[in-house]
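Raw contents of my_file-v8.cif, mmCIF, C-alpha atoms and all ligand atoms:
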```
data_entry
loop_
_atom_site.label_atom_id
_atom_site.label_comp_id
_atom_site.auth_asym_id
_atom_site.auth_seq_id
_atom_site.Cartn_x
_atom_site.Cartn_y
_atom_site.Cartn_z
CA MET A 1150 112.19 48.58 63.51
CA SER A 1151 113.22 50.21 66.74
CA GLU A 1152 110.38 51.07 69.09
CA HIS A 1153 112.16 53.87 70.90
CA ASP A 1154 112.33 57.48 69.83
CA PRO A 1155 113.56 57.44 66.20
CA ASP A 1156 115.69 60.49 66.97
CA THR A 1157 117.64 58.41 69.51
CA PRO A 1158 120.50 56.48 67.93
CA ALA A 1159 120.35 52.72 68.50
CA VAL A 1160 123.37 52.69 70.77
CA SER A 1161 124.87 49.38 71.85
CA GLN A 1162 124.07 49.87 75.55
CA ARG A 1163 121.29 51.80 77.24
CA VAL A 1164 120.81 52.37 80.97
CA GLY A 1165 117.45 52.92 82.66
CA HIS A 1166 116.33 53.90 86.14
CA GLY A 1167 113.01 53.22 87.82
CA PHE A 1168 111.54 54.31 91.13
CA ASP A 1169 108.21 53.51 92.71
CA LEU A 1170 106.51 54.04 96.05
CA HIS A 1171 103.18 52.87 97.43
CA ARG A 1172 101.29 53.62 100.60
CA LEU A 1173 100.82 50.67 102.96
CA GLU A 1174 97.34 50.27 104.45
CA PRO A 1175 95.69 47.55 106.50
CA GLY A 1176 93.32 45.34 104.54
CA HIS A 1177 95.48 45.06 101.40
CA ASP A 1178 97.84 42.34 100.18
CA LEU A 1179 101.57 43.00 100.14
CA ILE A 1180 103.01 41.65 96.90
CA VAL A 1181 106.68 42.22 96.07
CA GLY A 1182 108.40 40.69 93.05
CA GLY A 1183 105.38 38.49 92.42
CA VAL A 1184 105.53 37.04 95.94
CA LYS A 1185 102.66 37.55 98.40
CA LEU A 1186 104.17 38.33 101.80
CA LYS A 1187 102.63 37.85 105.22
CA HIS A 1188 102.26 41.32 106.71
CA ASP A 1189 99.78 43.42 108.69
CA ARG A 1190 99.17 45.66 105.68
CA GLY A 1191 99.68 45.96 101.94
CA CYS A 1192 99.65 48.32 99.01
CA ASP A 1193 96.71 50.56 98.38
CA ALA A 1194 97.16 50.76 94.61
CA HIS A 1195 95.19 50.49 91.40
CA SER A 1196 96.97 47.30 90.32
CA ASP A 1197 98.33 44.72 92.78
CA GLY A 1198 100.81 47.43 93.89
CA ASP A 1199 104.00 45.45 93.29
CA VAL A 1200 106.64 48.20 93.72
CA LEU A 1201 109.46 45.97 92.54
CA TYR A 1202 107.77 45.05 89.26
CA HIS A 1203 106.71 48.69 88.78
CA ALA A 1204 110.22 50.09 89.33
CA VAL A 1205 111.78 47.48 87.02
CA THR A 1206 109.13 48.14 84.36
CA ASP A 1207 109.96 51.85 84.50
CA ALA A 1208 113.70 51.13 84.37
CA VAL A 1209 113.29 49.07 81.18
CA LEU A 1210 110.90 51.59 79.59
CA GLY A 1211 113.23 54.42 80.62
CA ALA A 1212 116.25 52.70 79.04
CA LEU A 1213 114.27 52.48 75.79
CA GLY A 1214 113.26 56.15 75.97
CA LEU A 1215 109.58 55.22 76.13
CA ASP A 1216 106.66 56.57 78.19
CA ASP A 1217 106.62 55.56 81.84
CA ILE A 1218 104.37 52.93 83.43
CA GLY A 1219 101.77 55.52 84.48
CA GLN A 1220 101.42 56.83 80.93
CA MET A 1221 101.39 53.36 79.38
CA PHE A 1222 98.95 51.85 81.90
CA PRO A 1223 96.82 54.74 83.29
CA ASP A 1224 95.40 54.20 86.78
CA ASN A 1225 91.95 55.31 85.61
CA ASP A 1226 91.81 52.38 83.16
CA PRO A 1227 89.61 49.61 84.62
CA ARG A 1228 91.71 46.99 82.80
CA TRP A 1229 94.50 47.49 85.36
CA GLN A 1230 92.25 47.37 88.45
CA GLY A 1231 93.89 44.79 90.71
CA ALA A 1232 96.06 43.64 87.80
CA ASP A 1233 98.93 41.23 88.32
CA SER A 1234 101.85 43.63 87.72
CA ALA A 1235 103.65 40.95 85.73
CA VAL A 1236 101.55 42.17 82.77
CA PHE A 1237 103.36 45.54 82.89
CA LEU A 1238 106.78 43.90 82.99
CA ARG A 1239 105.86 41.51 80.16
CA GLU A 1240 104.87 44.51 78.05
CA ALA A 1241 108.18 46.24 78.84
CA PHE A 1242 110.02 43.03 77.90
CA MET A 1243 108.11 42.89 74.61
CA ARG A 1244 109.02 46.50 73.80
CA MET A 1245 112.65 45.80 74.73
CA SER A 1246 112.81 42.71 72.49
CA ALA A 1247 111.10 44.55 69.64
CA ALA A 1248 113.71 47.30 69.90
CA GLY A 1249 116.45 44.66 69.65
CA TYR A 1250 117.74 44.79 73.21
CA ALA A 1251 118.27 42.23 75.97
CA VAL A 1252 118.99 42.70 79.66
CA GLY A 1253 122.68 43.01 80.54
CA ASN A 1254 122.01 43.23 84.25
CA LEU A 1255 119.47 44.57 86.69
CA ASP A 1256 120.06 45.92 90.19
CA CYS A 1257 117.16 46.70 92.55
CA THR A 1258 116.78 48.02 96.08
CA VAL A 1259 113.48 47.64 97.93
CA VAL A 1260 113.02 49.98 100.90
CA LEU A 1261 110.66 48.79 103.61
CA GLU A 1262 110.78 48.57 107.38
CA ARG A 1263 109.32 45.06 107.56
CA PRO A 1264 108.86 42.20 106.85
CA ARG A 1265 112.36 40.98 106.00
CA LEU A 1266 112.69 40.07 102.33
CA GLY A 1267 115.77 37.84 102.69
CA PRO A 1268 113.97 34.49 102.61
CA PHE A 1269 111.96 35.50 99.53
CA LYS A 1270 114.73 37.06 97.44
CA PRO A 1271 115.55 33.88 95.45
CA GLU A 1272 111.91 33.55 94.34
CA MET A 1273 111.64 37.27 93.50
CA LYS A 1274 114.87 37.16 91.49
CA ALA A 1275 113.71 34.04 89.65
CA ASN A 1276 110.42 35.76 88.81
CA LEU A 1277 112.24 38.84 87.48
CA ALA A 1278 114.68 36.74 85.43
CA GLU A 1279 111.82 34.80 83.88
CA LEU A 1280 109.85 37.94 82.99
CA LEU A 1281 112.96 39.62 81.54
CA GLY A 1282 114.19 36.57 79.62
CA CYS A 1283 117.57 36.55 81.34
CA ASP A 1284 119.55 34.41 83.76
CA VAL A 1285 118.96 34.85 87.47
CA ALA A 1286 122.69 35.72 87.77
CA GLN A 1287 121.92 38.93 85.83
CA VAL A 1288 119.43 40.03 88.49
CA ASN A 1289 120.43 41.53 91.83
CA LEU A 1290 118.02 42.39 94.62
CA LYS A 1291 118.71 44.21 97.85
CA ALA A 1292 116.42 45.24 100.69
CA LYS A 1293 116.96 48.06 103.17
CA THR A 1294 115.02 49.42 106.10
CA HIS A 1295 114.53 53.19 106.39
CA GLU A 1296 115.90 53.23 109.93
CA GLY A 1297 112.50 54.08 111.39
CA VAL A 1298 112.50 57.44 109.63
CA ASP A 1299 109.56 58.94 107.73
CA ALA A 1300 106.68 57.00 106.17
CA LEU A 1301 108.99 54.27 104.82
CA GLY A 1302 110.48 53.73 108.26
CA GLU A 1303 107.10 53.80 109.96
CA ASN A 1304 105.62 50.90 107.95
CA ARG A 1305 103.35 53.35 106.10
CA ALA A 1306 104.98 53.01 102.69
CA ILE A 1307 107.19 50.78 100.56
CA ALA A 1308 109.52 51.95 97.79
CA CYS A 1309 111.86 50.48 95.22
CA HIS A 1310 114.75 51.71 93.08
CA ALA A 1311 115.87 49.80 90.00
CA VAL A 1312 118.68 50.29 87.48
CA VAL A 1313 118.90 48.19 84.34
CA LEU A 1314 121.49 47.94 81.58
CA LEU A 1315 120.17 46.89 78.18
CA ILE A 1316 122.50 45.53 75.49
CA LYS A 1317 121.77 45.64 71.76
CA ASN A 1318 121.37 42.12 70.45
CA ASP A 1319 123.75 42.48 67.51
CA SER A 1320 126.49 44.34 69.38
MG MG A 1401 103.42 51.64 91.34
#
```
Translate the structure of the given file into structure tokens.
Ligand code: MG
Amino acid sequence: MSEHDPDTPAVSQRVGHGFDLHRLEPGHDLIVGGVKLKHDRGCDAHSDGDVLYHAVTDAVLGALGLDDIGQMFPDNDPRWQGADSAVFLREAFMRMSAAGYAVGNLDCTVVLERPRLGPFKPEMKANLAELLGCDVAQVNLKAKTHEGVDALGENRAIACHAVVLLIKNDS
């Protein structure tokens, strides 16, 4: 039984987009794609503030036509206080599998001024592939600075965009 809106036909391919942004504050950990990075500040968030996992979770939920991460895991629920954001992505994966879909491919862009993500991309991609039950070759990850402009460019925020293509298992 499909988990998504019953009025939505079970099409063979579904695309989803996710976006997330968190404030960066001293005294918090910076965790991106399940990797704890050395930095002078981190995300002031209800969960562990992993923007990459949050954006990908929303992309998968969006592709399925489901509620977004904030509706599914409200930030006033003490269960998600400091939560490892992998739990959100695992839930999205479960919903995706239950609806009969698998990941075709995922493309993500993290926007942050520093630190550089290059050395950590392989580990982040491996984490995403594991959580989404796909091959690492189906996961792409890019990082961009914000050219010193606005909060993102001033090391006061971190953001992430994600686009995912889901493919119906029997198509
Ligand atoms: Mg978030």
Name the residues, by chain letter and number, that sit within 12 Å of ligand MG 1401 (chain A) using all atoms listed in the file, and give them as an MDAnalysis selection string. chainID A and resid 1167:1173 1180:1181 1192:1207 1217:1220 1222:1224 1229 1231:1234 1237:1238 1306:1310
Once you have the residues from the selection above, write them out as a short mmCIF file (atom, residue, chain, number, x, y, z; two decimals), in the frame of the given file, restricted to C-alpha atoms.
```
data_model
loop_
_atom_site.label_atom_id
_atom_site.label_comp_id
_atom_site.auth_asym_id
_atom_site.auth_seq_id
_atom_site.Cartn_x
_atom_site.Cartn_y
_atom_site.Cartn_z
CA GLY A 1167 113.01 53.22 87.82
CA PHE A 1168 111.54 54.31 91.13
CA ASP A 1169 108.21 53.51 92.71
CA LEU A 1170 106.51 54.04 96.05
CA HIS A 1171 103.18 52.87 97.43
CA ARG A 1172 101.29 53.62 100.60
CA LEU A 1173 100.82 50.67 102.96
CA ILE A 1180 103.01 41.65 96.90
CA VAL A 1181 106.68 42.22 96.07
CA CYS A 1192 99.65 48.32 99.01
CA ASP A 1193 96.71 50.56 98.38
CA ALA A 1194 97.16 50.76 94.61
CA HIS A 1195 95.19 50.49 91.40
CA SER A 1196 96.97 47.30 90.32
CA ASP A 1197 98.33 44.72 92.78
CA GLY A 1198 100.81 47.43 93.89
CA ASP A 1199 104.00 45.45 93.29
CA VAL A 1200 106.64 48.20 93.72
CA LEU A 1201 109.46 45.97 92.54
CA TYR A 1202 107.77 45.05 89.26
CA HIS A 1203 106.71 48.69 88.78
CA ALA A 1204 110.22 50.09 89.33
CA VAL A 1205 111.78 47.48 87.02
CA THR A 1206 109.13 48.14 84.36
CA ASP A 1207 109.96 51.85 84.50
CA ASP A 1217 106.62 55.56 81.84
CA ILE A 1218 104.37 52.93 83.43
CA GLY A 1219 101.77 55.52 84.48
CA GLN A 1220 101.42 56.83 80.93
CA PHE A 1222 98.95 51.85 81.90
CA PRO A 1223 96.82 54.74 83.29
CA ASP A 1224 95.40 54.20 86.78
CA TRP A 1229 94.50 47.49 85.36
CA GLY A 1231 93.89 44.79 90.71
CA ALA A 1232 96.06 43.64 87.80
CA ASP A 1233 98.93 41.23 88.32
CA SER A 1234 101.85 43.63 87.72
CA PHE A 1237 103.36 45.54 82.89
CA LEU A 1238 106.78 43.90 82.99
CA ALA A 1306 104.98 53.01 102.69
CA ILE A 1307 107.19 50.78 100.56
CA ALA A 1308 109.52 51.95 97.79
CA CYS A 1309 111.86 50.48 95.22
CA HIS A 1310 114.75 51.71 93.08
#
```
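Take atom CA of Lys1291 of chain A and atom CA of Gly1191 of chain A: the distance between them is 19.5 Å.
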Excluding segment 1241-1248 of chain A and any residue of its chain fewer than 2 positions from it, enumerate the residues within 12 Å of it, using only C-alpha atoms, and give them as a PDB file with C-alpha atoms, keeping the file's coordinate frame.
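Produced file out-v5.pdb, reproduced below:
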```pdb
ATOM      1  CA  MET A1150     112.190  48.580  63.510  1.00  0.00           C
ATOM      2  CA  SER A1151     113.220  50.210  66.740  1.00  0.00           C
ATOM      3  CA  GLU A1152     110.380  51.070  69.090  1.00  0.00           C
ATOM      4  CA  HIS A1153     112.160  53.870  70.900  1.00  0.00           C
ATOM      5  CA  ASP A1154     112.330  57.480  69.830  1.00  0.00           C
ATOM      6  CA  PRO A1155     113.560  57.440  66.200  1.00  0.00           C
ATOM      7  CA  THR A1157     117.640  58.410  69.510  1.00  0.00           C
ATOM      8  CA  PRO A1158     120.500  56.480  67.930  1.00  0.00           C
ATOM      9  CA  ALA A1159     120.350  52.720  68.500  1.00  0.00           C
ATOM     10  CA  VAL A1160     123.370  52.690  70.770  1.00  0.00           C
ATOM     11  CA  SER A1161     124.870  49.380  71.850  1.00  0.00           C
ATOM     12  CA  ARG A1163     121.290  51.800  77.240  1.00  0.00           C
ATOM     13  CA  GLY A1165     117.450  52.920  82.660  1.00  0.00           C
ATOM     14  CA  TYR A1202     107.770  45.050  89.260  1.00  0.00           C
ATOM     15  CA  HIS A1203     106.710  48.690  88.780  1.00  0.00           C
ATOM     16  CA  ALA A1204     110.220  50.090  89.330  1.00  0.00           C
ATOM     17  CA  VAL A1205     111.780  47.480  87.020  1.00  0.00           C
ATOM     18  CA  THR A1206     109.130  48.140  84.360  1.00  0.00           C
ATOM     19  CA  ASP A1207     109.960  51.850  84.500  1.00  0.00           C
ATOM     20  CA  ALA A1208     113.700  51.130  84.370  1.00  0.00           C
ATOM     21  CA  VAL A1209     113.290  49.070  81.180  1.00  0.00           C
ATOM     22  CA  LEU A1210     110.900  51.590  79.590  1.00  0.00           C
ATOM     23  CA  GLY A1211     113.230  54.420  80.620  1.00  0.00           C
ATOM     24  CA  ALA A1212     116.250  52.700  79.040  1.00  0.00           C
ATOM     25  CA  LEU A1213     114.270  52.480  75.790  1.00  0.00           C
ATOM     26  CA  GLY A1214     113.260  56.150  75.970  1.00  0.00           C
ATOM     27  CA  LEU A1215     109.580  55.220  76.130  1.00  0.00           C
ATOM     28  CA  ASP A1216     106.660  56.570  78.190  1.00  0.00           C
ATOM     29  CA  ASP A1217     106.620  55.560  81.840  1.00  0.00           C
ATOM     30  CA  ILE A1218     104.370  52.930  83.430  1.00  0.00           C
ATOM     31  CA  MET A1221     101.390  53.360  79.380  1.00  0.00           C
ATOM     32  CA  PHE A1222      98.950  51.850  81.900  1.00  0.00           C
ATOM     33  CA  SER A1234     101.850  43.630  87.720  1.00  0.00           C
ATOM     34  CA  ALA A1235     103.650  40.950  85.730  1.00  0.00           C
ATOM     35  CA  VAL A1236     101.550  42.170  82.770  1.00  0.00           C
ATOM     36  CA  PHE A1237     103.360  45.540  82.890  1.00  0.00           C
ATOM     37  CA  LEU A1238     106.780  43.900  82.990  1.00  0.00           C
ATOM     38  CA  ARG A1239     105.860  41.510  80.160  1.00  0.00           C
ATOM     39  CA  TYR A1250     117.740  44.790  73.210  1.00  0.00           C
ATOM     40  CA  ALA A1251     118.270  42.230  75.970  1.00  0.00           C
ATOM     41  CA  VAL A1252     118.990  42.700  79.660  1.00  0.00           C
ATOM     42  CA  GLY A1253     122.680  43.010  80.540  1.00  0.00           C
ATOM     43  CA  LEU A1277     112.240  38.840  87.480  1.00  0.00           C
ATOM     44  CA  ALA A1278     114.680  36.740  85.430  1.00  0.00           C
ATOM     45  CA  GLU A1279     111.820  34.800  83.880  1.00  0.00           C
ATOM     46  CA  LEU A1280     109.850  37.940  82.990  1.00  0.00           C
ATOM     47  CA  LEU A1281     112.960  39.620  81.540  1.00  0.00           C
ATOM     48  CA  GLY A1282     114.190  36.570  79.620  1.00  0.00           C
ATOM     49  CA  CYS A1283     117.570  36.550  81.340  1.00  0.00           C
ATOM     50  CA  VAL A1313     118.900  48.190  84.340  1.00  0.00           C
ATOM     51  CA  LEU A1314     121.490  47.940  81.580  1.00  0.00           C
ATOM     52  CA  LEU A1315     120.170  46.890  78.180  1.00  0.00           C
ATOM     53  CA  ILE A1316     122.500  45.530  75.490  1.00  0.00           C
ATOM     54  CA  LYS A1317     121.770  45.640  71.760  1.00  0.00           C
ATOM     55  CA  ASN A1318     121.370  42.120  70.450  1.00  0.00           C
ATOM     56  CA  ASP A1319     123.750  42.480  67.510  1.00  0.00           C
TER      57      ASP A1319
END
```
Take atom CA of Pro1268 of chain A and atom CA of Arg1190 of chain A and report the distance between them in Å, one decimal. 18.8 Å
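The closest residue to Asp1299 of chain A, picked from A:Glu1174, A:Asp1284, A:Asp1189, A:Glu1262 and counting all atoms listed in the file, is A:Glu1262.
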Rank nothing, just name the residue among A:Leu1179, A:Ala1292, A:Val1285, A:Val1298 nearest to Leu1266 of chain A, using only C-alpha atoms. A:Ala1292
12 Å contact set for Glu1296 of chain A, only C-alpha atoms, chain neighbours under 6 positions out, as a list in words: Val1260, Leu1261, Glu1262, Arg1263, Gly1302, Glu1303 and Asn1304 of chain A
Between atom CA of Glu1272 of chain A and atom CA of Pro1175 of chain A, what is the distance, to one decimal in Å? 24.6 Å
Minimum-distance residue to Lys1293 of chain A, chosen among A:Pro1271, A:Pro1227, A:Gly1183, A:Pro1264 (using all atoms listed in the file): A:Pro1264
Provide an axis-aligned box for all listed atoms of segment 1187-1197 of chain A, padding each side by 8 Å; report its centre and its edge lengths in Å to one decimal, as JSON.
```
{"center_x": 98.9, "center_y": 44.3, "center_z": 99.5, "size_x": 23.4, "size_y": 28.9, "size_z": 34.4}
```
